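The next block is run_7.cif, given as mmCIF, C-alpha atoms.
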data_entry
#
loop_
_atom_site.label_atom_id
_atom_site.label_comp_id
_atom_site.auth_asym_id
_atom_site.auth_seq_id
_atom_site.Cartn_x
_atom_site.Cartn_y
_atom_site.Cartn_z
CA MET A 4 6.91 55.19 130.43
CA LEU A 5 8.68 57.97 132.24
CA VAL A 6 10.17 59.32 129.01
CA VAL A 7 6.89 59.09 127.20
CA SER A 8 5.01 60.96 129.90
CA LEU A 9 7.57 63.80 130.00
CA ALA A 10 7.82 64.36 126.24
CA PRO A 11 4.44 66.09 125.79
CA THR A 12 5.21 68.37 128.73
CA ALA A 13 8.59 69.33 127.23
CA ASP A 14 7.02 69.88 123.81
CA ALA A 15 4.34 72.05 125.33
CA ALA A 16 6.94 74.13 127.15
CA ASN A 17 8.94 74.52 123.95
CA LEU A 18 5.84 75.57 122.07
CA ARG A 19 5.05 78.20 124.70
CA ARG A 20 8.59 79.56 124.53
CA THR A 21 8.47 79.61 120.73
CA SER A 22 5.13 81.41 120.84
CA ARG A 23 6.54 84.07 123.16
CA VAL A 24 9.57 84.57 120.87
CA VAL A 25 7.37 84.91 117.80
CA THR A 26 5.17 87.42 119.63
CA LEU A 27 8.18 89.44 120.69
CA LEU A 28 9.63 89.39 117.18
CA GLY A 29 6.29 90.38 115.73
CA THR A 30 6.15 93.34 118.09
CA ARG A 31 9.78 94.22 117.37
CA PHE A 32 9.29 94.29 113.62
CA GLY A 33 5.86 95.88 113.73
CA GLU A 34 3.84 92.89 112.53
CA GLU A 35 1.52 92.72 115.51
CA GLY A 36 -1.70 94.38 114.47
CA ARG A 37 -0.09 95.31 111.11
CA LYS A 38 1.28 98.50 112.66
CA LEU A 39 4.26 98.59 110.30
CA SER A 40 4.91 97.45 106.75
CA TYR A 41 7.55 97.96 104.08
CA GLY A 42 5.49 100.72 102.50
CA SER A 43 4.60 102.51 105.70
CA TYR A 44 8.15 102.36 107.09
CA LEU A 45 9.65 103.80 103.89
CA LYS A 46 6.69 106.13 103.27
CA VAL A 47 6.39 104.66 99.79
CA PRO A 48 2.91 106.07 98.99
CA GLU A 49 4.06 109.57 99.98
CA LEU A 50 7.32 109.13 98.05
CA LEU A 51 5.57 108.02 94.87
CA ALA A 52 3.19 110.96 95.06
CA LEU A 53 6.02 113.48 94.70
CA GLN A 54 6.60 113.13 90.94
CA LYS A 55 4.33 115.87 89.63
CA GLY A 56 5.32 116.99 86.15
CA LEU A 57 4.48 120.22 84.37
CA SER A 58 3.71 118.56 81.04
CA THR A 59 2.42 115.36 79.51
CA GLU A 60 5.80 114.58 77.91
CA HIS A 61 6.94 110.99 78.35
CA ASP A 62 10.50 111.73 79.56
CA GLU A 63 9.60 114.25 82.23
CA LEU A 64 9.00 111.50 84.79
CA LEU A 65 12.52 110.17 84.22
CA PHE A 66 13.96 113.66 84.63
CA ILE A 67 12.12 114.27 87.90
CA VAL A 68 12.91 110.89 89.43
CA ALA A 69 16.60 111.08 88.53
CA HIS A 70 16.99 114.47 90.17
CA GLN A 71 14.98 113.51 93.23
CA VAL A 72 17.25 110.48 93.62
CA TYR A 73 20.25 112.81 93.40
CA GLU A 74 18.88 114.86 96.27
CA LEU A 75 18.26 111.74 98.36
CA TRP A 76 21.85 110.61 97.83
CA PHE A 77 23.08 114.13 98.59
CA LYS A 78 21.30 113.84 101.93
CA VAL A 79 23.19 110.62 102.72
CA VAL A 80 26.50 112.12 101.56
CA LEU A 81 26.04 115.09 103.88
CA PHE A 82 25.19 112.77 106.77
CA GLU A 83 28.32 110.68 106.16
CA LEU A 84 30.60 113.69 105.64
CA GLU A 85 29.42 115.17 108.95
CA ALA A 86 30.12 111.84 110.64
CA ALA A 87 33.59 111.65 109.06
CA ARG A 88 34.41 115.18 110.20
CA ASP A 89 33.30 114.41 113.75
CA ARG A 90 35.30 111.16 113.81
CA ILE A 91 38.42 113.03 112.66
CA ASP A 92 37.87 115.54 115.47
CA ALA A 93 37.72 112.58 117.86
CA ASP A 94 40.98 111.11 116.46
CA ASP A 95 39.01 108.11 115.16
CA ILE A 96 40.57 107.66 111.74
CA PHE A 97 39.21 104.14 111.27
CA PHE A 98 35.57 105.21 111.23
CA ALA A 99 36.35 108.47 109.43
CA ARG A 100 37.79 106.44 106.55
CA HIS A 101 34.83 104.04 106.71
CA TYR A 102 32.35 106.91 106.24
CA LEU A 103 34.46 108.48 103.49
CA ARG A 104 34.58 105.13 101.71
CA ARG A 105 30.80 105.04 101.72
CA VAL A 106 30.68 108.57 100.33
CA ASN A 107 33.03 107.57 97.54
CA VAL A 108 30.86 104.59 96.57
CA ILE A 109 27.74 106.78 96.53
CA GLU A 110 29.49 109.36 94.37
CA ARG A 111 30.37 106.67 91.84
CA VAL A 112 26.67 105.80 91.73
CA LEU A 113 25.88 109.47 91.07
CA VAL A 114 28.27 109.48 88.12
CA GLU A 115 26.77 106.30 86.68
CA GLN A 116 23.25 107.71 87.04
CA ILE A 117 24.05 110.34 84.44
CA GLU A 118 23.93 107.59 81.82
CA VAL A 119 20.26 107.08 82.67
CA LEU A 120 19.54 110.75 81.94
CA GLU A 121 21.40 110.45 78.66
CA THR A 122 18.79 108.00 77.42
CA MET A 123 16.70 111.13 76.77
CA SER A 124 17.21 112.48 73.28
CA PRO A 125 17.74 116.25 72.98
CA GLN A 126 14.35 116.53 71.29
CA ASP A 127 12.59 114.70 74.14
CA PHE A 128 14.22 116.92 76.77
CA LEU A 129 13.50 120.11 74.83
CA ALA A 130 9.84 119.13 74.68
CA PHE A 131 9.41 120.08 78.36
CA ARG A 132 12.63 121.98 79.18
CA SER A 133 11.15 125.45 78.66
CA GLN A 134 8.62 124.82 81.44
CA LEU A 135 11.41 124.30 83.98
CA ALA A 136 12.63 127.91 83.86
CA PRO A 137 13.79 129.58 86.03
CA ALA A 138 14.45 126.41 88.05
CA SER A 139 17.96 125.05 87.65
CA GLY A 140 20.27 122.44 89.12
CA PHE A 141 22.45 125.40 90.09
CA GLN A 142 19.90 125.99 92.86
CA SER A 143 20.48 122.66 94.62
CA VAL A 144 21.04 123.66 98.23
CA GLN A 145 22.37 120.27 99.27
CA PHE A 146 24.93 120.35 96.46
CA ARG A 147 26.27 123.63 97.87
CA GLU A 148 26.20 122.18 101.37
CA ILE A 149 28.43 119.33 100.21
CA GLU A 150 30.87 121.82 98.73
CA PHE A 151 30.89 123.97 101.88
CA LEU A 152 31.22 121.03 104.27
CA SER A 153 34.00 119.47 102.20
CA GLY A 154 36.06 122.65 102.40
CA LEU A 155 35.10 124.69 99.32
CA LYS A 156 33.27 127.66 100.82
CA GLU A 157 32.08 130.27 98.32
CA PRO A 158 29.63 132.70 100.00
CA LYS A 159 28.90 134.42 96.68
CA TYR A 160 26.56 131.57 95.74
CA LEU A 161 24.11 132.54 98.47
CA ALA A 162 23.07 135.68 96.61
CA ARG A 163 22.28 133.66 93.50
CA LEU A 164 20.18 130.89 95.05
CA GLU A 165 16.40 130.72 95.08
CA ALA A 166 16.20 129.23 98.57
CA THR A 167 13.73 129.20 101.43
CA PRO A 168 14.63 130.89 104.73
CA GLU A 169 15.26 127.46 106.24
CA GLU A 170 17.58 126.53 103.38
CA MET A 171 19.46 129.82 103.67
CA ALA A 172 19.91 129.21 107.38
CA ARG A 173 21.42 125.81 106.60
CA LEU A 174 23.84 127.31 104.11
CA HIS A 175 24.92 130.05 106.53
CA LYS A 176 25.48 127.36 109.16
CA ARG A 177 27.67 125.42 106.73
CA LEU A 178 29.73 128.53 106.06
CA GLU A 179 30.27 129.08 109.77
CA GLU A 180 30.92 125.52 110.93
CA PRO A 181 34.21 123.59 110.61
CA THR A 182 34.80 121.69 107.39
CA LEU A 183 36.36 118.32 106.75
CA ASP A 184 39.50 120.20 105.76
CA ASP A 185 39.48 122.05 109.10
CA ALA A 186 39.10 118.75 110.95
CA PHE A 187 41.98 117.21 109.04
CA ARG A 188 44.24 120.18 109.72
CA GLY A 189 43.36 120.01 113.41
CA LEU A 190 44.24 116.32 113.50
CA VAL A 191 47.61 116.94 111.82
CA GLU A 192 48.31 119.69 114.36
CA ARG A 193 47.58 117.31 117.23
CA ARG A 194 49.95 114.77 115.69
CA GLY A 195 52.89 117.16 115.86
CA ALA A 196 52.16 119.22 112.75
CA PRO A 197 54.05 117.23 110.12
CA SER A 198 53.84 118.69 106.62
CA LEU A 199 51.92 116.86 103.93
CA LEU A 200 55.25 116.07 102.34
CA ASP A 201 56.43 114.48 105.60
CA ILE A 202 53.23 112.42 105.79
CA PHE A 203 53.64 111.17 102.25
CA ARG A 204 57.35 110.46 102.56
CA ASN A 205 57.13 108.71 105.92
CA ARG A 206 54.19 106.36 105.70
CA GLU A 207 55.71 104.09 108.33
CA LYS A 208 55.31 106.85 110.92
CA TYR A 209 52.20 108.55 109.57
CA GLY A 210 50.43 105.65 107.88
CA ASP A 211 46.97 106.43 109.26
CA LEU A 212 47.29 110.10 108.27
CA PHE A 213 48.40 109.07 104.79
CA ASP A 214 45.41 106.74 104.46
CA LEU A 215 43.09 109.56 105.54
CA CYS A 216 44.67 111.87 102.95
CA GLU A 217 43.92 109.32 100.27
CA ALA A 218 40.33 108.88 101.48
CA LEU A 219 39.77 112.64 101.30
CA LEU A 220 41.28 112.69 97.82
CA ASP A 221 38.97 109.85 96.74
CA HIS A 222 36.04 112.08 97.72
CA ASP A 223 37.53 115.03 95.86
CA GLU A 224 38.30 113.02 92.75
CA ALA A 225 34.87 111.38 92.61
CA PHE A 226 33.19 114.78 92.83
CA ALA A 227 35.44 116.07 90.05
CA HIS A 228 34.40 113.08 87.93
CA TRP A 229 30.76 113.99 88.53
CA ARG A 230 31.36 117.59 87.41
CA ALA A 231 33.09 116.47 84.22
CA ARG A 232 30.45 113.87 83.42
CA HIS A 233 27.69 116.40 84.09
CA VAL A 234 29.18 118.88 81.62
CA LEU A 235 29.21 116.26 78.89
CA MET A 236 25.59 115.36 79.60
CA VAL A 237 24.52 119.01 79.39
CA GLU A 238 26.40 119.48 76.12
CA ARG A 239 24.78 116.35 74.76
CA GLN A 240 21.30 117.53 75.73
CA ILE A 241 21.32 121.28 74.98
CA GLY A 242 24.61 122.04 73.23
CA GLY A 243 25.57 125.68 73.77
CA LYS A 244 22.14 126.92 74.91
CA THR A 245 21.82 128.96 78.10
CA GLY A 246 20.72 127.19 81.26
CA THR A 247 17.12 127.33 82.48
CA GLY A 248 18.31 129.36 85.48
CA GLY A 249 19.92 131.98 83.25
CA SER A 250 23.52 130.70 83.38
CA SER A 251 25.57 130.12 80.24
CA GLY A 252 24.87 126.40 80.52
CA ALA A 253 27.73 124.11 79.57
CA GLU A 254 30.06 127.09 79.20
CA TYR A 255 29.57 127.95 82.87
CA LEU A 256 29.87 124.33 83.97
CA ARG A 257 33.22 124.01 82.23
CA THR A 258 34.57 126.80 84.44
CA THR A 259 33.89 124.61 87.51
CA LEU A 260 35.96 121.65 86.34
CA GLY A 261 39.10 122.91 88.07
CA LYS A 262 37.45 123.14 91.48
CA ARG A 263 39.09 121.02 94.18
CA PHE A 264 38.21 120.55 97.83
CA TYR A 265 41.78 119.77 98.85
CA PRO A 266 44.22 121.41 96.38
CA GLU A 267 47.17 120.80 98.70
CA LEU A 268 46.59 117.05 98.54
CA TRP A 269 46.87 117.28 94.77
CA ALA A 270 49.88 119.62 94.84
CA VAL A 271 51.94 117.40 97.14
CA ARG A 272 52.23 114.86 94.32
CA SER A 273 54.48 117.27 92.45
CA GLN A 274 56.85 117.45 95.43
CA LEU A 275 57.44 113.74 95.87
#

Please re-express this file's structure in structure tokens.
Amino acid sequence: MLVVSLAPTADAANLRRTSRVVTLLGTRFGEEGRKLSYGSYLKVPELLALQKGLSTEHDELLFIVAHQVYELWFKVVLFELEAARDRIDADDIFFARHYLRRVNVIERVLVEQIEVLETMSPQDFLAFRSQLAPASGFQSVQFREIEFLSGLKEPKYLARLEATPEEMARLHKRLEEPTLDDAFRGLVERRGAPSLLDIFRNREKYGDLFDLCEALLDHDEAFAHWRARHVLMVERQIGGKTGTGGSSGAEYLRTTLGKRFYPELWAVRSQL
């Protein structure tokens, strides 16, 4: 009888505790009073309202979404590159490599996304392309920020960008602030200033520096892959036509294929 009389009391206590936990979880995840949902957290209605085309052509939606997705990924890449630079400054190579690994995976996604754009035939793209002028991918501010932050600073681009005052301020900040390359050089200096050749020849002593070199080169190589793949896409879509922003199109893009963020990391291979 004693056990029977206590069981309801224990069950009631358990139910009260469970109720409190559920209430707390509901508050934590925004379910109480429907204050938060998947759509409201991600701003899905606002996001889906941003695809406003200039024509009634079927493929314009694909073109807009693909490039908006590029800009969203560029935002994440910049965030991770900043974090990697700061971790290198703090001598935290583990997390620097972790962030650079994430950047590399994202950049592979960016390369693969080009195949989606190539599902547009040249005729379908040309049906609305003329309405894009003078807008051009050349004007992507975040793309230039990635270049500047990685170590490839070319101030001349600022005079050729159609950017807002806020965007220009961001670009000037990128030109003035330390790059990933600067952070890496500072780290090597703090480690006794071994040459790149020493680092590559003595991995037992400089293993973490060697691994960081390779992570930086992964970033550089993935970006080079994107450039090359982008040129082919442009040639496939418009051939030798000029770009909507007034550039020579694919001809100009081919001149960028030799760009490297870390040329010394490539050159050291010839010395091994």

Problem set entry | Contacts of A:Glu110 at 10 Å (all atoms listed in the file; same-chain gap of 2+ positions) as a list in words | Tyr73, Trp76, Phe77, Val80, Arg104, Arg105, Val106, Asn107, Val108, Val112, Leu113, Val114, Glu115, Gln116, Asp221, His222, Asp223, Glu224, Ala225, Phe226, Ala227, His228 and Trp229 of chain A

Exercise. Written as a ChimeraX atom specification, which residues does the PyMOL selection byres ((chain A and resi 94-97) around 12) give for the file shown?
Worked result: /A:86-93,98-104,186-194,209-216,218-219

Find the spatial neighbours of A:His61, counting only C-alpha atoms, within a cut-off of 10 Å - ignore same-chain residues fewer than 4 positions away - and output them as a JSON list (two decimals) with C-alpha atoms, in the frame of the given file.
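See selection-v6.json below for the written result:
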[["chain", "number", "residue", "atom", "x", "y", "z"],
["A", 56, "GLY", "CA", 5.32, 116.99, 86.15],
["A", 65, "LEU", "CA", 12.52, 110.17, 84.22],
["A", 66, "PHE", "CA", 13.96, 113.66, 84.63],
["A", 123, "MET", "CA", 16.70, 111.13, 76.77],
["A", 127, "ASP", "CA", 12.59, 114.70, 74.14],
["A", 128, "PHE", "CA", 14.22, 116.92, 76.77],
["A", 130, "ALA", "CA", 9.84, 119.13, 74.68],
["A", 131, "PHE", "CA", 9.41, 120.08, 78.36]]

Exercise. Between A:Ile241, A:Met236, A:Ala69, A:Leu220, which one has atoms that come closest to A:Arg263, using all atoms listed in the file?
Worked result: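 Ranking A:Ile241, A:Met236, A:Ala69, A:Leu220 by distance to A:Arg263, first place goes to A:Leu220.
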
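Across the model, the gap from atom CA of A:Ala172 to atom CA of A:Leu53 is 24.5 Å.
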
Exercise. Separation of atom CA of A:Ser40 and atom CA of A:Glu74, in Å?
Worked result: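 Separating atom CA of A:Ser40 from atom CA of A:Glu74 is a distance of 24.7 Å.
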
Exercise. So how far away is atom CA of A:Lys55 from atom CA of A:Leu161, in Å?
Worked result: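 Those two atoms sit 27.3 Å apart.
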
Taking every listed atom of stretch 56-64 of chain A and adding 8 Å to each side, what centre and edge lengths in Å (one decimal) does the axis-aligned box have, as JSON?
{"center_x": 6.5, "center_y": 115.6, "center_z": 82.0, "size_x": 24.1, "size_y": 25.2, "size_z": 24.2}

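Of the listed residues (A:Thr167, A:Lys159, A:Val68, A:Pro137), A:Val68 comes nearest to A:Val119; the distances count all atoms listed in the file.
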
Where does the PyMOL selection byres ((chain A and resi 175) around 12) land in this file, that is, which residues does it pick, as a short mmCIF file (atom, residue, chain, number, x, y, z; two decimals) with C-alpha atoms, in the frame of the given file?
data_model
loop_
_atom_site.label_atom_id
_atom_site.label_comp_id
_atom_site.auth_asym_id
_atom_site.auth_seq_id
_atom_site.Cartn_x
_atom_site.Cartn_y
_atom_site.Cartn_z
CA VAL A 144 21.04 123.66 98.23
CA ARG A 147 26.27 123.63 97.87
CA GLU A 148 26.20 122.18 101.37
CA PHE A 151 30.89 123.97 101.88
CA LEU A 152 31.22 121.03 104.27
CA LYS A 156 33.27 127.66 100.82
CA GLU A 157 32.08 130.27 98.32
CA PRO A 158 29.63 132.70 100.00
CA LYS A 159 28.90 134.42 96.68
CA TYR A 160 26.56 131.57 95.74
CA LEU A 161 24.11 132.54 98.47
CA ALA A 162 23.07 135.68 96.61
CA ALA A 166 16.20 129.23 98.57
CA PRO A 168 14.63 130.89 104.73
CA GLU A 169 15.26 127.46 106.24
CA GLU A 170 17.58 126.53 103.38
CA MET A 171 19.46 129.82 103.67
CA ALA A 172 19.91 129.21 107.38
CA ARG A 173 21.42 125.81 106.60
CA LEU A 174 23.84 127.31 104.11
CA LYS A 176 25.48 127.36 109.16
CA ARG A 177 27.67 125.42 106.73
CA LEU A 178 29.73 128.53 106.06
CA GLU A 179 30.27 129.08 109.77
CA GLU A 180 30.92 125.52 110.93
#

Problem set entry | Selection under test: the PyMOL selection byres ((chain A and resi 253) around 12); residues as number ranges by chain | A: 141, 230-247, 249-252, 254-260

With C-alpha atoms retained, export the selected residues as a short mmCIF file (atom, residue, chain, number, x, y, z; two decimals), in the frame of the given file.
data_model
loop_
_atom_site.label_atom_id
_atom_site.label_comp_id
_atom_site.auth_asym_id
_atom_site.auth_seq_id
_atom_site.Cartn_x
_atom_site.Cartn_y
_atom_site.Cartn_z
CA PHE A 141 22.45 125.40 90.09
CA ARG A 230 31.36 117.59 87.41
CA ALA A 231 33.09 116.47 84.22
CA ARG A 232 30.45 113.87 83.42
CA HIS A 233 27.69 116.40 84.09
CA VAL A 234 29.18 118.88 81.62
CA LEU A 235 29.21 116.26 78.89
CA MET A 236 25.59 115.36 79.60
CA VAL A 237 24.52 119.01 79.39
CA GLU A 238 26.40 119.48 76.12
CA ARG A 239 24.78 116.35 74.76
CA GLN A 240 21.30 117.53 75.73
CA ILE A 241 21.32 121.28 74.98
CA GLY A 242 24.61 122.04 73.23
CA GLY A 243 25.57 125.68 73.77
CA LYS A 244 22.14 126.92 74.91
CA THR A 245 21.82 128.96 78.10
CA GLY A 246 20.72 127.19 81.26
CA THR A 247 17.12 127.33 82.48
CA GLY A 249 19.92 131.98 83.25
CA SER A 250 23.52 130.70 83.38
CA SER A 251 25.57 130.12 80.24
CA GLY A 252 24.87 126.40 80.52
CA GLU A 254 30.06 127.09 79.20
CA TYR A 255 29.57 127.95 82.87
CA LEU A 256 29.87 124.33 83.97
CA ARG A 257 33.22 124.01 82.23
CA THR A 258 34.57 126.80 84.44
CA THR A 259 33.89 124.61 87.51
CA LEU A 260 35.96 121.65 86.34
#

For this session: Within 8 Å of A:Ser153, counting all atoms listed in the file, which residues show up once you throw out same-chain ones fewer than 2 positions away? Write them as a list in words, please.
Result: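 Neighbouring residues, sequence-local ones excluded: Leu84, Ile149, Glu150, Phe151, Leu155, Thr182, Leu183, Asp184 and Phe264 of chain A.
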
Exercise. Of the residues A:Leu164, A:Leu120, A:Val79, A:Leu200, which is the one nearest to A:Ser139, using only C-alpha atoms?
Worked result: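 Going through A:Leu164, A:Leu120, A:Val79, A:Leu200 one by one, the smallest distance to A:Ser139 is for A:Leu164.
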
Exercise. Quick one: of A:Gly140, A:Gly42, A:Pro48, A:Pro125, who's nearest to A:Gln71, counting only C-alpha atoms?
Worked result: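 Of all the options, A:Gly140 lies closest to A:Gln71.
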